[in-house]
Structure formats: structure tokens, C-alpha cells
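Here is the file input.tsv (TSV, N, CA, C and O atoms).
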```tsv
chain	number	residue	atom	x	y	z
A	29	MET	N	7.06	-0.84	-10.71
A	29	MET	CA	7.88	-1.06	-9.54
A	29	MET	C	6.98	-1.41	-8.36
A	29	MET	O	5.86	-0.93	-8.26
A	30	ARG	N	7.47	-2.24	-7.47
A	30	ARG	CA	6.70	-2.65	-6.30
A	30	ARG	C	7.09	-1.81	-5.08
A	30	ARG	O	8.26	-1.49	-4.89
A	31	TYR	N	6.06	-1.51	-4.28
A	31	TYR	CA	6.27	-0.65	-3.12
A	31	TYR	C	5.64	-1.24	-1.88
A	31	TYR	O	4.65	-1.97	-1.95
A	32	LEU	N	6.22	-0.87	-0.76
A	32	LEU	CA	5.67	-1.14	0.56
A	32	LEU	C	5.29	0.22	1.13
A	32	LEU	O	6.12	1.13	1.17
A	33	ILE	N	4.03	0.38	1.50
A	33	ILE	CA	3.54	1.63	2.05
A	33	ILE	C	3.12	1.38	3.48
A	33	ILE	O	2.28	0.51	3.74
A	34	CYS	N	3.72	2.11	4.40
A	34	CYS	CA	3.45	1.94	5.84
A	34	CYS	C	3.08	3.30	6.41
A	34	CYS	O	3.66	4.31	6.04
A	35	TYR	N	2.12	3.29	7.32
A	35	TYR	CA	1.72	4.55	7.93
A	35	TYR	C	1.26	4.34	9.35
A	35	TYR	O	0.83	3.27	9.74
A	36	ASP	N	1.40	5.40	10.13
A	36	ASP	CA	0.95	5.43	11.52
A	36	ASP	C	0.14	6.71	11.67
A	36	ASP	O	0.71	7.79	11.83
A	37	ILE	N	-1.18	6.58	11.56
A	37	ILE	CA	-2.09	7.72	11.61
A	37	ILE	C	-2.94	7.60	12.86
A	37	ILE	O	-3.63	6.61	13.06
A	38	GLU	N	-2.89	8.63	13.68
A	38	GLU	CA	-3.60	8.60	14.96
A	38	GLU	C	-5.12	8.71	14.79
A	38	GLU	O	-5.88	8.01	15.46
A	39	ASN	N	-5.58	9.56	13.89
A	39	ASN	CA	-7.00	9.80	13.69
A	39	ASN	C	-7.65	8.59	12.99
A	39	ASN	O	-7.33	8.28	11.84
A	40	SER	N	-8.56	7.92	13.68
A	40	SER	CA	-9.19	6.69	13.15
A	40	SER	C	-9.93	6.92	11.84
A	40	SER	O	-9.89	6.09	10.94
A	41	LYS	N	-10.64	8.04	11.75
A	41	LYS	CA	-11.41	8.33	10.54
A	41	LYS	C	-10.48	8.50	9.33
A	41	LYS	O	-10.72	7.92	8.26
A	42	ASN	N	-9.40	9.23	9.50
A	42	ASN	CA	-8.43	9.42	8.42
A	42	ASN	C	-7.72	8.11	8.07
A	42	ASN	O	-7.47	7.82	6.91
A	43	ARG	N	-7.39	7.33	9.09
A	43	ARG	CA	-6.72	6.05	8.88
A	43	ARG	C	-7.61	5.12	8.06
A	43	ARG	O	-7.15	4.46	7.12
A	44	THR	N	-8.89	5.08	8.37
A	44	THR	CA	-9.83	4.22	7.64
A	44	THR	C	-10.01	4.70	6.21
A	44	THR	O	-10.04	3.89	5.27
A	45	LYS	N	-10.12	6.00	6.02
A	45	LYS	CA	-10.27	6.55	4.67
A	45	LYS	C	-9.05	6.22	3.81
A	45	LYS	O	-9.18	5.82	2.65
A	46	LEU	N	-7.86	6.37	4.38
A	46	LEU	CA	-6.64	6.05	3.64
A	46	LEU	C	-6.59	4.57	3.30
A	46	LEU	O	-6.25	4.19	2.18
A	47	PHE	N	-6.94	3.72	4.26
A	47	PHE	CA	-6.96	2.27	4.03
A	47	PHE	C	-7.82	1.94	2.82
A	47	PHE	O	-7.41	1.19	1.93
A	48	GLU	N	-9.02	2.50	2.77
A	48	GLU	CA	-9.94	2.22	1.66
A	48	GLU	C	-9.40	2.76	0.33
A	48	GLU	O	-9.54	2.10	-0.70
A	49	ARG	N	-8.80	3.92	0.36
A	49	ARG	CA	-8.26	4.51	-0.87
A	49	ARG	C	-7.08	3.69	-1.40
A	49	ARG	O	-6.93	3.52	-2.61
A	50	LEU	N	-6.23	3.19	-0.51
A	50	LEU	CA	-5.08	2.39	-0.96
A	50	LEU	C	-5.54	1.08	-1.59
A	50	LEU	O	-4.93	0.60	-2.55
A	51	LYS	N	-6.62	0.50	-1.07
A	51	LYS	CA	-7.17	-0.72	-1.69
A	51	LYS	C	-7.63	-0.44	-3.12
A	51	LYS	O	-7.54	-1.30	-3.98
A	52	ASP	N	-8.11	0.79	-3.37
A	52	ASP	CA	-8.56	1.17	-4.71
A	52	ASP	C	-7.43	1.13	-5.74
A	52	ASP	O	-7.69	1.03	-6.94
A	53	PHE	N	-6.20	1.23	-5.28
A	53	PHE	CA	-5.04	1.16	-6.18
A	53	PHE	C	-4.65	-0.30	-6.47
A	53	PHE	O	-3.67	-0.55	-7.17
A	54	GLY	N	-5.38	-1.24	-5.90
A	54	GLY	CA	-5.06	-2.65	-6.10
A	54	GLY	C	-3.95	-3.16	-5.22
A	54	GLY	O	-3.39	-4.23	-5.45
A	55	LEU	N	-3.63	-2.40	-4.19
A	55	LEU	CA	-2.57	-2.82	-3.26
A	55	LEU	C	-3.10	-3.86	-2.29
A	55	LEU	O	-4.28	-3.87	-1.94
A	56	LEU	N	-2.22	-4.70	-1.83
A	56	LEU	CA	-2.53	-5.76	-0.87
A	56	LEU	C	-2.28	-5.25	0.54
A	56	LEU	O	-1.18	-4.77	0.84
A	57	ALA	N	-3.29	-5.34	1.39
A	57	ALA	CA	-3.12	-4.96	2.80
A	57	ALA	C	-2.46	-6.14	3.50
A	57	ALA	O	-3.10	-7.13	3.81
A	58	VAL	N	-1.15	-6.04	3.75
A	58	VAL	CA	-0.42	-7.14	4.38
A	58	VAL	C	-0.51	-7.06	5.90
A	58	VAL	O	-0.29	-8.06	6.58
A	59	GLN	N	-0.80	-5.88	6.42
A	59	GLN	CA	-1.10	-5.67	7.83
A	59	GLN	C	-2.05	-4.49	7.91
A	59	GLN	O	-2.37	-3.88	6.89
A	60	LYS	N	-2.49	-4.14	9.09
A	60	LYS	CA	-3.51	-3.10	9.21
A	60	LYS	C	-3.08	-1.76	8.61
A	60	LYS	O	-3.90	-1.04	8.06
A	61	SER	N	-1.84	-1.40	8.72
A	61	SER	CA	-1.37	-0.13	8.18
A	61	SER	C	-0.16	-0.32	7.26
A	61	SER	O	0.69	0.57	7.15
A	62	VAL	N	-0.13	-1.46	6.58
A	62	VAL	CA	0.97	-1.76	5.66
A	62	VAL	C	0.38	-2.34	4.38
A	62	VAL	O	-0.38	-3.31	4.42
A	63	PHE	N	0.75	-1.74	3.24
A	63	PHE	CA	0.28	-2.21	1.94
A	63	PHE	C	1.48	-2.56	1.07
A	63	PHE	O	2.56	-1.99	1.22
A	64	TYR	N	1.24	-3.46	0.12
A	64	TYR	CA	2.28	-3.89	-0.81
A	64	TYR	C	1.68	-4.04	-2.19
A	64	TYR	O	0.55	-4.50	-2.33
A	65	GLY	N	2.43	-3.64	-3.20
A	65	GLY	CA	1.95	-3.87	-4.55
A	65	GLY	C	2.70	-3.06	-5.59
A	65	GLY	O	3.61	-2.28	-5.28
A	66	GLU	N	2.29	-3.28	-6.82
A	66	GLU	CA	2.91	-2.63	-7.95
A	66	GLU	C	2.19	-1.31	-8.23
A	66	GLU	O	0.97	-1.25	-8.23
A	67	LEU	N	2.99	-0.27	-8.46
A	67	LEU	CA	2.44	1.06	-8.73
A	67	LEU	C	3.17	1.70	-9.89
A	67	LEU	O	4.38	1.54	-10.04
A	68	SER	N	2.42	2.44	-10.68
A	68	SER	CA	3.05	3.28	-11.70
A	68	SER	C	3.59	4.53	-11.01
A	68	SER	O	3.28	4.80	-9.84
A	69	ARG	N	4.35	5.29	-11.73
A	69	ARG	CA	4.89	6.53	-11.16
A	69	ARG	C	3.75	7.49	-10.80
A	69	ARG	O	3.77	8.14	-9.76
A	70	ALA	N	2.73	7.53	-11.66
A	70	ALA	CA	1.58	8.40	-11.40
A	70	ALA	C	0.82	7.95	-10.16
A	70	ALA	O	0.38	8.78	-9.35
A	71	ASP	N	0.66	6.63	-9.98
A	71	ASP	CA	-0.01	6.11	-8.79
A	71	ASP	C	0.77	6.46	-7.53
A	71	ASP	O	0.19	6.82	-6.51
A	72	LYS	N	2.08	6.35	-7.61
A	72	LYS	CA	2.91	6.67	-6.44
A	72	LYS	C	2.74	8.14	-6.06
A	72	LYS	O	2.59	8.48	-4.88
A	73	LEU	N	2.72	9.01	-7.05
A	73	LEU	CA	2.53	10.44	-6.77
A	73	LEU	C	1.14	10.69	-6.18
A	73	LEU	O	1.00	11.50	-5.25
A	74	ALA	N	0.13	10.00	-6.68
A	74	ALA	CA	-1.22	10.14	-6.15
A	74	ALA	C	-1.29	9.68	-4.70
A	74	ALA	O	-1.96	10.30	-3.86
A	75	ILE	N	-0.58	8.61	-4.38
A	75	ILE	CA	-0.56	8.10	-3.01
A	75	ILE	C	0.17	9.08	-2.09
A	75	ILE	O	-0.24	9.30	-0.95
A	76	LYS	N	1.22	9.71	-2.58
A	76	LYS	CA	1.91	10.73	-1.77
A	76	LYS	C	0.94	11.86	-1.44
A	76	LYS	O	0.94	12.38	-0.31
A	77	GLU	N	0.11	12.24	-2.39
A	77	GLU	CA	-0.89	13.28	-2.14
A	77	GLU	C	-1.91	12.82	-1.09
A	77	GLU	O	-2.30	13.59	-0.21
A	78	LEU	N	-2.34	11.55	-1.18
A	78	LEU	CA	-3.27	11.01	-0.19
A	78	LEU	C	-2.65	11.03	1.21
A	78	LEU	O	-3.32	11.37	2.18
A	79	LEU	N	-1.40	10.63	1.30
A	79	LEU	CA	-0.72	10.63	2.59
A	79	LEU	C	-0.66	12.05	3.16
A	79	LEU	O	-0.90	12.25	4.35
A	80	SER	N	-0.38	13.02	2.31
A	80	SER	CA	-0.35	14.41	2.76
A	80	SER	C	-1.73	14.86	3.24
A	80	SER	O	-1.84	15.62	4.20
A	81	LYS	N	-2.76	14.38	2.57
A	81	LYS	CA	-4.13	14.75	2.92
A	81	LYS	C	-4.58	14.16	4.25
A	81	LYS	O	-5.21	14.83	5.07
A	82	TYR	N	-4.25	12.88	4.48
A	82	TYR	CA	-4.78	12.17	5.65
A	82	TYR	C	-3.85	12.15	6.85
A	82	TYR	O	-4.26	11.77	7.94
A	83	CYS	N	-2.59	12.53	6.68
A	83	CYS	CA	-1.64	12.52	7.79
A	83	CYS	C	-1.55	13.90	8.45
A	83	CYS	O	-1.39	14.90	7.75
A	84	ALA	N	-1.61	13.91	9.76
A	84	ALA	CA	-1.39	15.14	10.53
A	84	ALA	C	0.11	15.31	10.74
A	84	ALA	O	0.91	14.41	10.42
A	85	LYS	N	0.51	16.43	11.32
A	85	LYS	CA	1.94	16.69	11.54
A	85	LYS	C	2.60	15.62	12.40
A	85	LYS	O	3.77	15.30	12.22
A	86	SER	N	1.88	15.04	13.34
A	86	SER	CA	2.47	14.05	14.24
A	86	SER	C	2.42	12.63	13.67
A	86	SER	O	3.01	11.72	14.24
A	87	ASP	N	1.73	12.43	12.53
A	87	ASP	CA	1.65	11.10	11.92
A	87	ASP	C	2.89	10.82	11.09
A	87	ASP	O	3.66	11.73	10.76
A	88	LYS	N	3.06	9.55	10.74
A	88	LYS	CA	4.23	9.14	9.96
A	88	LYS	C	3.81	8.21	8.83
A	88	LYS	O	2.83	7.48	8.95
A	89	ALA	N	4.58	8.23	7.73
A	89	ALA	CA	4.32	7.35	6.60
A	89	ALA	C	5.61	7.11	5.83
A	89	ALA	O	6.50	7.97	5.81
A	90	ILE	N	5.68	5.94	5.19
A	90	ILE	CA	6.85	5.57	4.39
A	90	ILE	C	6.36	4.92	3.11
A	90	ILE	O	5.45	4.09	3.13
A	91	ILE	N	6.97	5.31	1.99
A	91	ILE	CA	6.78	4.61	0.72
A	91	ILE	C	8.16	4.11	0.33
A	91	ILE	O	9.07	4.91	0.08
A	92	ALA	N	8.33	2.80	0.30
A	92	ALA	CA	9.65	2.22	0.00
A	92	ALA	C	9.53	1.26	-1.18
A	92	ALA	O	8.64	0.43	-1.22
A	93	SER	N	10.44	1.41	-2.15
A	93	SER	CA	10.47	0.46	-3.25
A	93	SER	C	11.12	-0.83	-2.74
A	93	SER	O	12.18	-0.79	-2.12
A	94	VAL	N	10.43	-1.94	-2.96
A	94	VAL	CA	10.92	-3.23	-2.46
A	94	VAL	C	10.57	-4.33	-3.46
A	94	VAL	O	9.72	-4.17	-4.32
A	95	ASN	N	11.25	-5.43	-3.31
A	95	ASN	CA	10.91	-6.64	-4.05
A	95	ASN	C	10.89	-7.77	-3.03
A	95	ASN	O	11.92	-8.37	-2.75
A	96	LEU	N	9.73	-8.00	-2.45
A	96	LEU	CA	9.61	-9.02	-1.41
A	96	LEU	C	9.72	-10.41	-1.99
A	96	LEU	O	9.20	-10.71	-3.06
A	97	ASP	N	10.40	-11.26	-1.27
A	97	ASP	CA	10.53	-12.67	-1.63
A	97	ASP	C	9.63	-13.46	-0.69
A	97	ASP	O	9.71	-13.34	0.53
A	98	PHE	N	8.76	-14.26	-1.27
A	98	PHE	CA	7.83	-15.07	-0.48
A	98	PHE	C	8.56	-15.88	0.59
A	98	PHE	O	8.07	-16.06	1.70
A	99	ASN	N	9.77	-16.32	0.30
A	99	ASN	CA	10.53	-17.13	1.25
A	99	ASN	C	10.98	-16.34	2.48
A	99	ASN	O	11.41	-16.93	3.46
A	100	ASP	N	10.87	-15.02	2.40
A	100	ASP	CA	11.25	-14.17	3.53
A	100	ASP	C	10.04	-13.71	4.34
A	100	ASP	O	10.13	-12.76	5.12
A	101	THR	N	8.91	-14.38	4.15
A	101	THR	CA	7.68	-13.99	4.86
A	101	THR	C	7.20	-15.14	5.73
A	101	THR	O	7.61	-16.28	5.56
A	102	LEU	N	6.31	-14.81	6.63
A	102	LEU	CA	5.70	-15.81	7.50
A	102	LEU	C	4.21	-15.51	7.59
A	102	LEU	O	3.81	-14.38	7.86
A	103	GLY	N	3.38	-16.50	7.30
A	103	GLY	CA	1.94	-16.33	7.41
A	103	GLY	C	1.25	-15.86	6.15
A	103	GLY	O	0.04	-15.64	6.16
A	104	TYR	N	1.98	-15.68	5.06
A	104	TYR	CA	1.39	-15.24	3.80
A	104	TYR	C	1.50	-16.38	2.78
A	104	TYR	O	2.44	-17.16	2.81
A	105	ASN	N	0.53	-16.43	1.85
A	105	ASN	CA	0.67	-17.41	0.80
A	105	ASN	C	1.35	-16.78	-0.41
A	105	ASN	O	1.36	-15.56	-0.57
A	106	LYS	N	1.92	-17.60	-1.25
A	106	LYS	CA	2.74	-17.13	-2.36
A	106	LYS	C	1.97	-16.22	-3.31
A	106	LYS	O	2.52	-15.27	-3.85
A	107	GLU	N	0.69	-16.48	-3.50
A	107	GLU	CA	-0.11	-15.70	-4.43
A	107	GLU	C	-0.18	-14.22	-4.03
A	107	GLU	O	-0.37	-13.36	-4.87
A	108	CYS	N	-0.03	-13.94	-2.76
A	108	CYS	CA	-0.07	-12.55	-2.29
A	108	CYS	C	1.02	-11.70	-2.93
A	108	CYS	O	0.85	-10.50	-3.11
A	109	PHE	N	2.14	-12.30	-3.25
A	109	PHE	CA	3.29	-11.54	-3.70
A	109	PHE	C	3.58	-11.70	-5.19
A	109	PHE	O	4.55	-11.16	-5.69
A	110	GLU	N	2.74	-12.42	-5.90
A	110	GLU	CA	2.92	-12.55	-7.34
A	110	GLU	C	2.24	-11.39	-8.04
A	110	GLU	O	1.22	-10.89	-7.60
A	111	SER	N	2.82	-10.97	-9.14
A	111	SER	CA	2.24	-9.88	-9.91
A	111	SER	C	0.92	-10.34	-10.50
A	111	SER	O	0.78	-11.46	-10.97
A	112	LYS	N	-0.03	-9.44	-10.47
A	112	LYS	CA	-1.31	-9.71	-11.10
A	112	LYS	C	-1.31	-9.00	-12.45
A	112	LYS	O	-1.00	-7.82	-12.53
A	113	ILE	N	-1.63	-9.73	-13.48
A	113	ILE	CA	-1.67	-9.15	-14.81
A	113	ILE	C	-3.12	-9.00	-15.22
A	113	ILE	O	-3.90	-9.95	-15.15
A	114	TYR	N	-3.48	-7.79	-15.60
A	114	TYR	CA	-4.85	-7.51	-15.99
A	114	TYR	C	-4.89	-7.21	-17.48
A	114	TYR	O	-3.97	-6.61	-18.03
A	115	GLU	N	-5.96	-7.63	-18.11
A	115	GLU	CA	-6.14	-7.38	-19.52
A	115	GLU	C	-7.21	-6.32	-19.70
A	115	GLU	O	-8.28	-6.41	-19.13
A	116	ILE	N	-6.90	-5.32	-20.50
A	116	ILE	CA	-7.87	-4.27	-20.77
A	116	ILE	C	-8.63	-4.66	-22.03
A	116	ILE	O	-8.05	-4.95	-23.07
A	117	ILE	N	-9.94	-4.69	-21.89
A	117	ILE	CA	-10.79	-5.12	-23.03
A	117	ILE	C	-11.43	-3.91	-23.67
A	117	ILE	O	-11.91	-3.02	-23.05
```
Go ahead and render the structure in this file as C-alpha cells.
Amino acid sequence: MRYLICYDIENSKNRTKLFERLKDFGLLAVQKSVFYGELSRADKLAIKELLSKYCAKSDKAIIASVNLDFNDTLGYNKECFESKIYEII
């Protein structure tokens, strides 16, 4: 399933750490605090744990299941929203 993950974290150090960790999941950073991509159920749960770790009480985050259509975007190329298929060797 594809997800959009958005967050508003005040602490710069935590925000940067979360940004780097989300990239490790193969998610696409579509904006500074917005990621998009395909996640397994286990990955989604792991990301929820990361959000709990890096977000303070006053911070906010959303994980929303979405299916973005390239035609509904501006400034992105189509390849950004296509599924990437990886082969395990």
C-alpha cells in the first residue's frame, strides 16, 4: 500500500534524523517534511515507532494511505510516483 507521511517537528535535530530514517525505507521526499511511497505493514508500524521517538508532545504527524495520480501534481515528474520493483538476488 502507498502512504503519504507528513510531519511538523519543531526540534531541528529530531526532524533531520527522522528525514534520514524515512529515506532508508525507500520513501520519496516530495517536500521537506512530506514523504510518499510503498510500505509493508511492518514498515508502517516501524515508522509509527520512529514518529513516536522523534516527535515531542507539541509536534504533529500524519500517515495516510493514498494513491497519488501524477496528473494531480505540479512540479513532479511521472517517475516519482511509479512503483519501483526490486529484485532480490
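Counting all atoms listed in the file, the residue from A:Asp97, A:Lys106, A:Tyr82, A:Ala92 that sits nearest to Asn42 of chain A is A:Tyr82.
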message = Using only C-alpha atoms, can you tell me which of A:Ser80, A:Lys41, A:Ile33, A:Ala74 comes closest to Leu55 of chain A?
response = A:Ile33
query = What lies within 7 Å of Ala84 of chain A using only N, CA, C and O atoms, ignoring chain neighbours under 6 positions off, as a VMD selection string?
reply = chain A and resid 36 to 38
message = Using Å and a single decimal, report how far atom O of Phe53 of chain A sits from atom C of Ile75 of chain A.
response = 11.5 Å
request  = Excluding segment 62-67 of chain A and residues on its chain fewer than 3 positions from it, collect all residues at most 4.5 Å away from it, counting only N, CA, C and O atoms, and give them as a PyMOL selection string.
outcome  = chain A and resi 29-34+55-59
inquiry  = DSSP on the backbone: which residues in segment 30-117 of chain A end up as strand (DSSP E or B)? Give the answer as an MDAnalysis selection string.
reply    = chainID A and resid 30:36 56:59 62:66 88:93
query = Out of segment 33-84 of chain A, which residues get alpha helix (DSSP H) from DSSP, as number ranges by chain?
reply = A: 40-52, 69-82
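Between atom N of Thr44 of chain A and atom C of Asp71 of chain A there is a distance of 18.7 Å.
The nearest approach to Asn39 of chain A among the residues A:Asn99, A:Asn105, A:Ser93, A:Ser86, with only C-alpha atoms taken into account, belongs to A:Ser86.
Put simply, atom O of Asp100 of chain A is 23.8 Å away from atom O of Leu46 of chain A.
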